[in-house]
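Everything below belongs to start-v5.pdb, which stores PDB, C-alpha atoms.
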ATOM      1  CA  MET E   1     -31.781 -16.865  32.122
ATOM      2  CA  LYS E   2     -34.077 -18.939  34.323
ATOM      3  CA  GLU E   3     -35.434 -22.294  33.169
ATOM      4  CA  SER E   4     -39.121 -23.180  33.506
ATOM      5  CA  ASN E   5     -40.939 -26.438  32.733
ATOM      6  CA  PRO E   6     -44.660 -25.586  32.494
ATOM      7  CA  PRO E   7     -47.172 -28.379  31.833
ATOM      8  CA  LYS E   8     -48.053 -28.912  28.145
ATOM      9  CA  GLU E   9     -51.713 -28.053  28.747
ATOM     10  CA  ALA E  10     -50.891 -24.637  30.235
ATOM     11  CA  GLY E  11     -52.403 -21.827  28.152
ATOM     12  CA  ILE E  12     -50.187 -18.865  28.853
ATOM     13  CA  LYS E  13     -47.064 -20.603  30.060
ATOM     14  CA  LEU E  14     -44.932 -17.702  31.237
ATOM     15  CA  ARG E  15     -46.807 -14.698  32.630
ATOM     16  CA  ILE E  16     -44.568 -12.826  35.071
ATOM     17  CA  ALA E  17     -40.782 -12.898  35.035
ATOM     18  CA  PRO E  18     -39.285 -13.712  38.445
ATOM     19  CA  GLU E  19     -37.114 -11.145  40.196
ATOM     20  CA  THR E  20     -34.311 -13.577  41.081
ATOM     21  CA  GLY E  21     -32.801 -16.924  40.127
ATOM     22  CA  TYR E  22     -31.276 -16.057  36.752
ATOM     23  CA  GLU E  23     -28.222 -17.974  35.517
ATOM     24  CA  PRO E  24     -25.583 -16.153  33.449
ATOM     25  CA  MET E  25     -25.385 -18.774  30.671
ATOM     26  CA  ARG E  26     -27.009 -21.809  29.018
ATOM     27  CA  VAL E  27     -25.026 -24.639  27.406
ATOM     28  CA  CYS E  28     -26.545 -26.357  24.357
ATOM     29  CA  TRP E  29     -24.934 -29.427  22.842
ATOM     30  CA  THR E  30     -25.385 -31.801  19.944
ATOM     31  CA  GLY E  31     -23.568 -34.996  19.054
ATOM     32  CA  ARG E  32     -23.507 -37.789  16.526
ATOM     33  CA  MET E  33     -24.859 -41.079  17.862
ATOM     34  CA  SER E  34     -24.318 -42.924  14.555
ATOM     35  CA  ARG E  35     -23.829 -41.995  10.901
ATOM     36  CA  THR E  36     -27.414 -40.777  10.619
ATOM     37  CA  GLU E  37     -28.569 -40.134  14.186
ATOM     38  CA  TYR E  38     -27.890 -36.956  16.124
ATOM     39  CA  LYS E  39     -28.744 -36.188  19.739
ATOM     40  CA  ASP E  40     -28.887 -32.921  21.642
ATOM     41  CA  ASN E  41     -29.959 -31.696  25.079
ATOM     42  CA  SER E  42     -33.003 -29.701  23.941
ATOM     43  CA  SER E  43     -36.569 -30.289  25.153
ATOM     44  CA  ASP E  44     -39.810 -28.979  23.616
ATOM     45  CA  GLU E  45     -41.259 -28.675  27.107
ATOM     46  CA  ARG E  46     -38.519 -26.383  28.408
ATOM     47  CA  CYS E  47     -39.080 -22.612  28.444
ATOM     48  CA  TYR E  48     -37.037 -19.717  29.800
ATOM     49  CA  PHE E  49     -37.312 -16.307  31.362
ATOM     50  CA  PHE E  50     -34.498 -13.894  30.574
ATOM     51  CA  ARG E  51     -33.356 -10.477  31.710
ATOM     52  CA  ILE E  52     -31.183  -8.117  29.653
ATOM     53  CA  ARG E  53     -29.702  -4.618  29.909
ATOM     54  CA  THR E  54     -29.572  -5.027  33.658
ATOM     55  CA  GLU E  55     -28.205  -2.083  35.634
ATOM     56  CA  LEU E  56     -27.282  -2.565  39.286
ATOM     57  CA  ASP E  57     -26.987   0.030  42.029
ATOM     58  CA  GLU E  58     -23.917   0.334  44.275
ATOM     59  CA  LEU E  59     -25.304  -2.422  46.545
ATOM     60  CA  GLY E  60     -25.797  -4.876  43.666
ATOM     61  CA  LYS E  61     -29.602  -4.541  43.576
ATOM     62  CA  ILE E  62     -31.383  -4.245  40.234
ATOM     63  CA  LYS E  63     -31.931  -0.631  39.291
ATOM     64  CA  SER E  64     -33.349  -1.314  35.819
ATOM     65  CA  ALA E  65     -33.784  -4.266  33.436
ATOM     66  CA  ILE E  66     -35.774  -5.525  30.471
ATOM     67  CA  TYR E  67     -37.486  -8.941  30.717
ATOM     68  CA  GLY E  68     -38.472 -11.560  28.162
ATOM     69  CA  LYS E  69     -39.418 -15.189  27.621
ATOM     70  CA  ILE E  70     -38.355 -18.002  25.314
ATOM     71  CA  TYR E  71     -40.935 -20.660  24.330
ATOM     72  CA  GLY E  72     -39.560 -24.119  23.835
ATOM     73  CA  ASP E  73     -35.853 -24.762  23.866
ATOM     74  CA  PHE E  74     -32.966 -23.641  21.707
ATOM     75  CA  LYS E  75     -32.729 -25.622  18.453
ATOM     76  CA  ILE E  76     -29.352 -26.206  16.848
ATOM     77  CA  VAL E  77     -29.678 -25.598  13.093
ATOM     78  CA  GLY E  78     -27.778 -27.548  10.427
ATOM     79  CA  LYS E  79     -26.487 -30.590  12.321
ATOM     80  CA  LYS E  80     -25.690 -32.812   9.309
ATOM     81  CA  ASN E  81     -23.367 -30.438   7.442
ATOM     82  CA  GLY E  82     -22.032 -28.491  10.395
ATOM     83  CA  ILE E  83     -23.796 -26.218  12.848
ATOM     84  CA  LYS E  84     -25.143 -23.104  11.116
ATOM     85  CA  GLY E  85     -26.792 -21.417  14.068
ATOM     86  CA  VAL E  86     -29.351 -21.538  16.839
ATOM     87  CA  SER E  87     -33.095 -20.976  16.523
ATOM     88  CA  PHE E  88     -35.607 -20.044  19.246
ATOM     89  CA  LEU E  89     -38.971 -18.303  19.683
ATOM     90  CA  TYR E  90     -38.908 -15.364  22.084
ATOM     91  CA  TYR E  91     -40.852 -12.349  23.300
ATOM     92  CA  LEU E  92     -39.225  -9.271  24.789
ATOM     93  CA  ASN E  93     -41.281  -6.793  26.793
ATOM     94  CA  PRO E  94     -39.714  -3.456  25.765
ATOM     95  CA  ASN E  95     -41.023  -1.618  28.833
ATOM     96  CA  LEU E  96     -38.238  -0.972  31.332
ATOM     97  CA  ASN E  97     -38.658  -2.849  34.661
ATOM     98  CA  ASP E  98     -41.972  -4.417  33.564
ATOM     99  CA  ARG E  99     -41.889  -8.164  34.343
ATOM    100  CA  ASN E 100     -45.303  -8.767  32.704
ATOM    101  CA  LEU E 101     -44.849 -11.270  29.856
ATOM    102  CA  GLU E 102     -48.446 -11.895  28.790
ATOM    103  CA  TRP E 103     -49.261 -11.604  25.089
ATOM    104  CA  ASP E 104     -51.284  -8.399  24.853
ATOM    105  CA  ARG E 105     -51.481  -6.732  21.439
ATOM    106  CA  GLN E 106     -53.353  -3.760  22.878
ATOM    107  CA  HIS E 107     -50.664  -2.671  25.333
ATOM    108  CA  ASN E 108     -47.294  -4.355  25.137
ATOM    109  CA  LEU E 109     -46.763  -6.154  21.831
ATOM    110  CA  TYR E 110     -46.177  -5.533  18.184
ATOM    111  CA  PRO E 111     -49.731  -4.639  17.026
ATOM    112  CA  ASN E 112     -49.499  -6.055  13.478
ATOM    113  CA  THR E 113     -48.761  -9.752  13.950
ATOM    114  CA  LYS E 114     -49.318 -10.715  10.292
ATOM    115  CA  ASP E 115     -45.662  -9.916   9.627
ATOM    116  CA  ILE E 116     -44.208 -12.012  12.465
ATOM    117  CA  GLY E 117     -46.060 -15.302  12.151
ATOM    118  CA  GLU E 118     -48.529 -17.059  14.385
ATOM    119  CA  PRO E 119     -48.833 -15.414  17.838
ATOM    120  CA  ARG E 120     -48.277 -17.584  20.901
ATOM    121  CA  PRO E 121     -49.514 -16.781  24.404
TER     122      PRO E 121
END

Structure encoded using structure tokens:
Amino acid sequence: MKESNPPKEAGIKLRIAPETGYEPMRVCWTGRMSRTEYKDNSSDERCYFFRIRTELDELGKIKSAIYGKIYGDFKIVGKKNGIKGVSFLYYLNPNLNDRNLEWDRQHNLYPNTKDIGEPRP
């Protein structure tokens, strides 16, 4: 995972996944500040690139991978009565080794978006 902080006014925030700079994990936290106030380390302006199913060659170079993006930050669900899970909005480009992450219904996305909610660039 690689963190990105694009400006709010950016249209398409994450277009091309970088080749390097990925971290193996992300730590999310939440805590009680008072009886009614909770605090966490999330930010609505934070976005991420991620890479999965990565295969390396014998020299440690990437042979194949699948790339994606996460808009916004991870949200911890159910803080008051115990943590129930984590929520986030993501896009995964299913094409092997394709780092293009632009929203394109014609070529690289689920063509019928009425079933998945409002599309985001």

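If you look at atom CA of E:Tyr48 and atom CA of E:Ser64, they are 19.7 Å away from each other.
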
For the structure shown, which residues end up in the PyMOL selection byres ((chain E and resi 42) around 10)? Put them as a PyMOL selection string, please? chain E and resi 28-30+39-41+43-46+72-76

With all atoms listed in the file as the counted atoms, please give the residues lying no more than 9 Å from E:Ile66, apart from itself and same-chain residues fewer than 2 positions off, as a PDB file with C-alpha atoms, in the coordinates of the input.
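New file selection-v1.pdb:
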ATOM      1  CA  PHE E  50     -34.498 -13.894  30.574  1.00  0.00           C
ATOM      2  CA  ARG E  51     -33.356 -10.477  31.710  1.00  0.00           C
ATOM      3  CA  ILE E  52     -31.183  -8.117  29.653  1.00  0.00           C
ATOM      4  CA  ARG E  53     -29.702  -4.618  29.909  1.00  0.00           C
ATOM      5  CA  THR E  54     -29.572  -5.027  33.658  1.00  0.00           C
ATOM      6  CA  SER E  64     -33.349  -1.314  35.819  1.00  0.00           C
ATOM      7  CA  GLY E  68     -38.472 -11.560  28.162  1.00  0.00           C
ATOM      8  CA  LEU E  92     -39.225  -9.271  24.789  1.00  0.00           C
ATOM      9  CA  ASN E  93     -41.281  -6.793  26.793  1.00  0.00           C
ATOM     10  CA  PRO E  94     -39.714  -3.456  25.765  1.00  0.00           C
ATOM     11  CA  ASN E  95     -41.023  -1.618  28.833  1.00  0.00           C
ATOM     12  CA  LEU E  96     -38.238  -0.972  31.332  1.00  0.00           C
ATOM     13  CA  ASN E  97     -38.658  -2.849  34.661  1.00  0.00           C
ATOM     14  CA  ASP E  98     -41.972  -4.417  33.564  1.00  0.00           C
ATOM     15  CA  ARG E  99     -41.889  -8.164  34.343  1.00  0.00           C
TER      16      ARG E  99
END

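For the file at hand, the PyMOL selection byres ((chain E and resi 100) around 7) resolves to Arg15, Ile16, Ala17, Asp98, Arg99, Leu101 and Glu102 of chain E.
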
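Taking atom CA of E:Tyr90 and atom CA of E:Ile70 as endpoints, the distance between them is 4.2 Å.
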
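Straight-line separation from atom CA of E:Pro18 to atom CA of E:Glu58: 21.6 Å.
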
Given the choices E:Asp57, E:Lys2, E:Lys84, E:Ile62, which gets closest to E:Arg26 if the distance is worked out from all atoms listed in the file? E:Lys2

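Distances to E:Lys63 were evaluated for E:Glu19, E:Gly78, E:Val86, E:Met25 using only C-alpha atoms, and the minimum falls at E:Glu19.
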
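This file, queried with the PyMOL selection byres ((chain E and resi 22) around 7), gives the residues Met1, Lys2, Thr20, Gly21, Glu23 and Pro24 of chain E.
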